[in-house]
file data.pdb (PDB, C-alpha atoms, pLDDT in the B column)
MODEL        1
ATOM      1  CA  THR A   1       1.648   3.004 -20.644  1.00 77.00           C
ATOM      2  CA  GLU A   2       3.145   6.318 -21.578  1.00 76.00           C
ATOM      3  CA  ALA A   3      -0.352   7.761 -22.082  1.00 75.00           C
ATOM      4  CA  ASP A   4      -1.338   6.644 -18.576  1.00 76.00           C
ATOM      5  CA  LYS A   5       1.732   8.363 -17.128  1.00 73.00           C
ATOM      6  CA  VAL A   6       0.880  11.617 -18.894  1.00 71.00           C
ATOM      7  CA  ARG A   7      -2.789  11.423 -17.835  1.00 73.00           C
ATOM      8  CA  LEU A   8      -1.773  10.724 -14.235  1.00 75.00           C
ATOM      9  CA  TRP A   9       0.730  13.580 -14.242  1.00 71.00           C
ATOM     10  CA  HIS A  10      -1.835  16.019 -15.630  1.00 68.00           C
ATOM     11  CA  SER A  11      -4.473  14.917 -13.132  1.00 70.00           C
ATOM     12  CA  MET A  12      -2.036  15.534 -10.295  1.00 65.00           C
ATOM     13  CA  THR A  13      -1.025  18.998 -11.506  1.00 60.00           C
ATOM     14  CA  LYS A  14      -4.628  20.257 -11.340  1.00 56.00           C
ATOM     15  CA  GLN A  15      -5.167  19.435  -7.679  1.00 50.00           C
ATOM     16  CA  GLY A  16      -5.100  22.916  -6.188  1.00 52.00           C
ATOM     17  CA  GLY A  17      -4.405  22.485  -2.472  1.00 54.00           C
ATOM     18  CA  GLY A  18      -4.447  18.679  -2.474  1.00 58.00           C
ATOM     19  CA  ASN A  19      -1.770  16.325  -3.649  1.00 71.00           C
ATOM     20  CA  GLY A  20      -3.426  13.816  -5.972  1.00 82.00           C
ATOM     21  CA  ASP A  21      -3.416  10.813  -3.620  1.00 88.00           C
ATOM     22  CA  THR A  22      -6.850   9.674  -4.765  1.00 90.00           C
ATOM     23  CA  ALA A  23      -5.888   9.797  -8.455  1.00 90.00           C
ATOM     24  CA  ALA A  24      -2.657   7.926  -7.774  1.00 92.00           C
ATOM     25  CA  LEU A  25      -4.439   5.202  -5.790  1.00 94.00           C
ATOM     26  CA  ALA A  26      -7.115   4.924  -8.486  1.00 94.00           C
ATOM     27  CA  HIS A  27      -4.381   4.454 -11.078  1.00 93.00           C
ATOM     28  CA  VAL A  28      -2.736   1.708  -9.009  1.00 94.00           C
ATOM     29  CA  TYR A  29      -6.145   0.081  -8.453  1.00 96.00           C
ATOM     30  CA  GLU A  30      -6.811  -0.056 -12.209  1.00 95.00           C
ATOM     31  CA  GLN A  31      -3.400  -1.576 -12.887  1.00 95.00           C
ATOM     32  CA  ILE A  32      -3.864  -4.275 -10.250  1.00 94.00           C
ATOM     33  CA  LYS A  33      -7.456  -4.977 -11.340  1.00 95.00           C
ATOM     34  CA  GLN A  34      -6.349  -5.474 -14.954  1.00 95.00           C
ATOM     35  CA  GLU A  35      -3.538  -7.755 -13.807  1.00 93.00           C
ATOM     36  CA  ILE A  36      -5.905  -9.870 -11.700  1.00 92.00           C
ATOM     37  CA  ASP A  37      -8.474 -10.069 -14.506  1.00 93.00           C
ATOM     38  CA  ALA A  38      -5.774 -11.242 -16.929  1.00 92.00           C
ATOM     39  CA  GLU A  39      -4.534 -13.848 -14.438  1.00 91.00           C
ATOM     40  CA  GLU A  40      -8.082 -15.128 -13.882  1.00 91.00           C
ATOM     41  CA  ALA A  41      -8.695 -15.408 -17.626  1.00 92.00           C
ATOM     42  CA  LEU A  42      -5.442 -17.310 -18.101  1.00 91.00           C
ATOM     43  CA  ALA A  43      -6.246 -19.633 -15.189  1.00 89.00           C
ATOM     44  CA  LYS A  44      -9.665 -20.303 -16.688  1.00 91.00           C
ATOM     45  CA  GLN A  45      -8.110 -21.155 -20.065  1.00 90.00           C
ATOM     46  CA  THR A  46      -5.333 -23.349 -18.716  1.00 89.00           C
ATOM     47  CA  GLY A  47      -7.081 -24.821 -15.683  1.00 88.00           C
ATOM     48  CA  LYS A  48      -4.122 -23.861 -13.512  1.00 86.00           C
ATOM     49  CA  PRO A  49      -4.802 -22.298 -10.118  1.00 84.00           C
ATOM     50  CA  LEU A  50      -4.220 -18.593  -9.593  1.00 80.00           C
ATOM     51  CA  SER A  51      -0.824 -17.666  -8.257  1.00 78.00           C
ATOM     52  CA  GLN A  52      -0.799 -16.356  -4.704  1.00 78.00           C
ATOM     53  CA  ARG A  53       0.739 -12.906  -4.543  1.00 84.00           C
ATOM     54  CA  LEU A  54       1.371 -10.471  -1.789  1.00 88.00           C
ATOM     55  CA  ARG A  55       0.487  -6.979  -2.948  1.00 93.00           C
ATOM     56  CA  VAL A  56       1.439  -4.134  -0.644  1.00 94.00           C
ATOM     57  CA  VAL A  57       0.528  -0.624  -1.761  1.00 95.00           C
ATOM     58  CA  ILE A  58       2.430   2.043   0.129  1.00 95.00           C
ATOM     59  CA  ALA A  59       1.118   5.555  -0.385  1.00 93.00           C
ATOM     60  CA  CYS A  60       3.626   8.155   0.781  1.00 92.00           C
ATOM     61  CA  SER A  61       2.361  11.687   1.155  1.00 89.00           C
ATOM     62  CA  ASP A  62       3.964  14.968   2.152  1.00 87.00           C
ATOM     63  CA  GLY A  63       0.653  16.705   2.794  1.00 85.00           C
ATOM     64  CA  MET A  64      -3.064  16.245   3.223  1.00 85.00           C
ATOM     65  CA  PRO A  65      -4.833  14.197   0.567  1.00 87.00           C
ATOM     66  CA  ASP A  66      -7.075  15.939  -1.910  1.00 84.00           C
ATOM     67  CA  SER A  67      -9.991  13.943  -0.476  1.00 89.00           C
ATOM     68  CA  GLU A  68      -9.883  11.976   2.780  1.00 92.00           C
ATOM     69  CA  THR A  69     -12.965   9.967   1.846  1.00 93.00           C
ATOM     70  CA  GLY A  70     -11.621   9.402  -1.674  1.00 93.00           C
ATOM     71  CA  VAL A  71      -8.376   7.980  -0.293  1.00 94.00           C
ATOM     72  CA  GLN A  72     -10.269   5.789   2.170  1.00 95.00           C
ATOM     73  CA  ASP A  73     -12.596   4.549  -0.578  1.00 96.00           C
ATOM     74  CA  MET A  74      -9.646   3.629  -2.800  1.00 96.00           C
ATOM     75  CA  ALA A  75      -7.958   1.877   0.139  1.00 95.00           C
ATOM     76  CA  LYS A  76     -11.151  -0.133   0.631  1.00 96.00           C
ATOM     77  CA  ARG A  77     -11.341  -1.021  -3.056  1.00 96.00           C
ATOM     78  CA  LEU A  78      -7.688  -2.091  -3.075  1.00 96.00           C
ATOM     79  CA  GLY A  79      -8.267  -4.110   0.101  1.00 94.00           C
ATOM     80  CA  GLU A  80     -11.150  -5.891  -1.593  1.00 94.00           C
ATOM     81  CA  LEU A  81      -8.675  -6.958  -4.285  1.00 93.00           C
ATOM     82  CA  GLY A  82      -6.538  -8.505  -1.549  1.00 91.00           C
ATOM     83  CA  CYS A  83      -4.001  -5.702  -1.357  1.00 94.00           C
ATOM     84  CA  VAL A  84      -2.519  -4.379   1.850  1.00 94.00           C
ATOM     85  CA  VAL A  85      -2.644  -0.578   1.832  1.00 96.00           C
ATOM     86  CA  VAL A  86      -0.357   1.534   4.000  1.00 96.00           C
ATOM     87  CA  GLY A  87      -0.420   5.325   4.028  1.00 94.00           C
ATOM     88  CA  ILE A  88       2.749   6.964   5.292  1.00 94.00           C
ATOM     89  CA  GLY A  89       2.837  10.653   6.118  1.00 92.00           C
ATOM     90  CA  LEU A  90       6.199  12.255   5.438  1.00 91.00           C
ATOM     91  CA  THR A  91       7.271  14.858   7.994  1.00 88.00           C
ATOM     92  CA  GLU A  92       5.122  16.942  10.325  1.00 87.00           C
ATOM     93  CA  THR A  93       3.109  18.508   7.504  1.00 85.00           C
ATOM     94  CA  ALA A  94       1.627  15.088   6.722  1.00 88.00           C
ATOM     95  CA  SER A  95       1.316  13.650  10.214  1.00 88.00           C
ATOM     96  CA  GLN A  96      -2.468  13.326   9.773  1.00 91.00           C
ATOM     97  CA  VAL A  97      -1.976  10.834   6.929  1.00 92.00           C
ATOM     98  CA  SER A  98      -1.382   8.087   9.491  1.00 92.00           C
ATOM     99  CA  ILE A  99      -4.816   8.821  10.990  1.00 92.00           C
ATOM    100  CA  ILE A 100      -6.587   9.082   7.628  1.00 93.00           C
ATOM    101  CA  PHE A 101      -5.265   5.663   6.552  1.00 94.00           C
ATOM    102  CA  ASP A 102      -6.112   4.010   9.887  1.00 93.00           C
ATOM    103  CA  THR A 103      -9.224   2.185   8.655  1.00 92.00           C
ATOM    104  CA  PRO A 104     -10.471  -1.403   8.579  1.00 92.00           C
ATOM    105  CA  TYR A 105      -9.037  -1.622   5.040  1.00 91.00           C
ATOM    106  CA  SER A 106      -5.699   0.118   5.499  1.00 94.00           C
ATOM    107  CA  ARG A 107      -3.275   1.357   8.069  1.00 94.00           C
ATOM    108  CA  GLY A 108      -1.270   4.471   8.520  1.00 94.00           C
ATOM    109  CA  ASP A 109       2.196   5.348   9.682  1.00 94.00           C
ATOM    110  CA  TYR A 110       4.276   8.468  10.069  1.00 92.00           C
ATOM    111  CA  ALA A 111       7.873   9.249   9.130  1.00 93.00           C
ATOM    112  CA  LYS A 112       9.259  12.172  11.136  1.00 91.00           C
ATOM    113  CA  THR A 113      11.981  12.569   8.519  1.00 90.00           C
ATOM    114  CA  VAL A 114      12.507  11.128   5.067  1.00 88.00           C
ATOM    115  CA  ALA A 115      15.415   9.149   6.564  1.00 90.00           C
ATOM    116  CA  ASP A 116      12.803   7.152   8.558  1.00 90.00           C
ATOM    117  CA  LEU A 117      11.003   6.059   5.397  1.00 91.00           C
ATOM    118  CA  PRO A 118      13.092   2.987   4.423  1.00 91.00           C
ATOM    119  CA  ILE A 119      12.652   1.257   7.793  1.00 89.00           C
ATOM    120  CA  LEU A 120       8.907   2.005   7.809  1.00 91.00           C
ATOM    121  CA  VAL A 121       8.440   0.577   4.327  1.00 93.00           C
ATOM    122  CA  ALA A 122      10.517  -2.480   5.234  1.00 91.00           C
ATOM    123  CA  LYS A 123       8.526  -2.926   8.450  1.00 90.00           C
ATOM    124  CA  HIS A 124       5.192  -3.103   6.647  1.00 92.00           C
ATOM    125  CA  VAL A 125       6.391  -5.279   3.769  1.00 93.00           C
ATOM    126  CA  VAL A 126       8.201  -7.762   6.030  1.00 90.00           C
ATOM    127  CA  ARG A 127       5.303  -7.965   8.500  1.00 89.00           C
ATOM    128  CA  GLU A 128       2.933  -8.828   5.663  1.00 89.00           C
ATOM    129  CA  ALA A 129       5.341 -11.396   4.232  1.00 89.00           C
ATOM    130  CA  ILE A 130       5.641 -13.044   7.653  1.00 90.00           C
ATOM    131  CA  LYS A 131       1.878 -13.662   7.628  1.00 87.00           C
ATOM    132  CA  LEU A 132       2.515 -16.092   4.768  1.00 87.00           C
ATOM    133  CA  PHE A 133       4.881 -18.233   6.890  1.00 88.00           C
ATOM    134  CA  PRO A 134       3.704 -21.488   8.483  1.00 89.00           C
ATOM    135  CA  PRO A 135       2.550 -20.861  12.100  1.00 87.00           C
ATOM    136  CA  PRO A 136       5.640 -22.162  13.959  1.00 85.00           C
ATOM    137  CA  LEU A 137       8.000 -20.083  11.812  1.00 91.00           C
ATOM    138  CA  ARG A 138       5.696 -17.081  11.878  1.00 90.00           C
ATOM    139  CA  LEU A 139       6.040 -16.557  15.634  1.00 90.00           C
ATOM    140  CA  MET A 140       9.822 -16.843  15.500  1.00 91.00           C
ATOM    141  CA  ALA A 141      10.030 -14.398  12.576  1.00 90.00           C
ATOM    142  CA  GLU A 142       7.704 -11.910  14.302  1.00 89.00           C
ATOM    143  CA  ARG A 143       9.963 -11.904  17.369  1.00 89.00           C
ATOM    144  CA  GLN A 144      13.075 -11.414  15.270  1.00 90.00           C
ATOM    145  CA  VAL A 145      11.531  -8.539  13.334  1.00 86.00           C
ATOM    146  CA  ALA A 146      10.319  -6.897  16.557  1.00 87.00           C
ATOM    147  CA  GLY A 147      13.899  -7.005  17.878  1.00 89.00           C
ATOM    148  CA  ILE A 148      15.302  -5.514  14.685  1.00 87.00           C
ATOM    149  CA  LEU A 149      12.672  -2.769  14.605  1.00 82.00           C
ATOM    150  CA  ALA A 150      13.426  -1.880  18.226  1.00 85.00           C
ATOM    151  CA  LYS A 151      17.052  -1.201  17.217  1.00 85.00           C
ATOM    152  CA  PHE A 152      15.770   1.360  14.719  1.00 77.00           C
ATOM    153  CA  GLY A 153      13.304   2.880  17.169  1.00 74.00           C
ATOM    154  CA  ALA A 154      10.323   1.664  15.121  1.00 68.00           C
ATOM    155  CA  LYS A 155       7.331  -0.131  16.614  1.00 66.00           C
TER
ENDMDL
END
call {"tool": "encode", "arguments": {"input": "data.pdb", "output": "structure tokens"}}
result
Amino acid sequence: TEADKVRLWHSMTKQGGGNGDTAALAHVYEQIKQEIDAEEALAKQTGKPLSQRLRVVIACSDGMPDSETGVQDMAKRLGELGCVVVGIGLTETASQVSIIFDTPYSRGDYAKTVADLPILVAKHVVREAIKLFPPPLRLMAERQVAGILAKFGAK
């Protein structure tokens, strides 16, 4: 809602040296949690099974998070909801973001320049989507994506 946007903006402007990653992830968590709760209630009412969704949360940061443990905790909470969490550090000033997000519940990556960002985002989204393919197609798709990523210099 508009009120949520204002509250999020104000929470991020009072961060001091940090950049509000924890508040942003908490906001995304609440949105996804509400969505899941609503879907579960509807499924209970109608008797229809829950829809299967792929949720990939990509947190891009141009600096150190306000709280490393806070970011990792939110990544864990999002992972427990079935989300895939990827933290991408933008430029050298945020190169540690890839390490901070390298947890059992999330993974990290690093974009040397902002121009690298689109291929990194695509890499993570497509790799997660491929996991939904039937096994014979999955292997073929993984090979094709690996070849495409190699052309862009991404691993």
call {"tool": "residues_around", "arguments": {"input": "data.pdb", "residues": "stretch 102-117 of chain A", "least_positions_apart": "3", "cutoff": "10 Å", "atoms": "all atoms listed in the file", "output": "VMD selection string"}}
result
chain A and resid 57 to 62 72 to 80 82 to 99 120 to 124 152 to 154
call {"tool": "atom_distance", "arguments": {"input": "data.pdb", "atom1": "atom CA of A:Gln31", "atom2": "atom CA of A:Glu2"}}
result
13.4 Å
call {"tool": "closest_residue", "arguments": {"input": "data.pdb", "among": "A:Pro65, A:Lys48, A:Leu81, A:Val145", "to": "A:Lys33", "atoms": "all atoms listed in the file"}}
result
A:Leu81
call {"tool": "residues_around", "arguments": {"input": "data.pdb", "residues": "stretch 34-40 of chain A", "least_positions_apart": "2", "cutoff": "12 Å", "atoms": "all atoms listed in the file", "output": "PyMOL selection string"}}
result
chain A and resi 27-32+42-53+55+78+81-83
call {"tool": "resolve_selection", "arguments": {"input": "data.pdb", "expression": "the PyMOL selection byres ((chain A and resi 67) around 9)", "output": "list in words"}}
result
Gly18, Gly20, Asp21, Thr22, Met64, Pro65, Asp66, Glu68, Thr69, Gly70, Val71 and Gln72 of chain A
call {"tool": "atom_distance", "arguments": {"input": "data.pdb", "atom1": "atom CA of A:Leu54", "atom2": "atom CA of A:Val6"}}
result
27.9 Å
call {"tool": "atom_distance", "arguments": {"input": "data.pdb", "atom1": "atom CA of A:Leu8", "atom2": "atom CA of A:Ala23"}}
result
7.2 Å
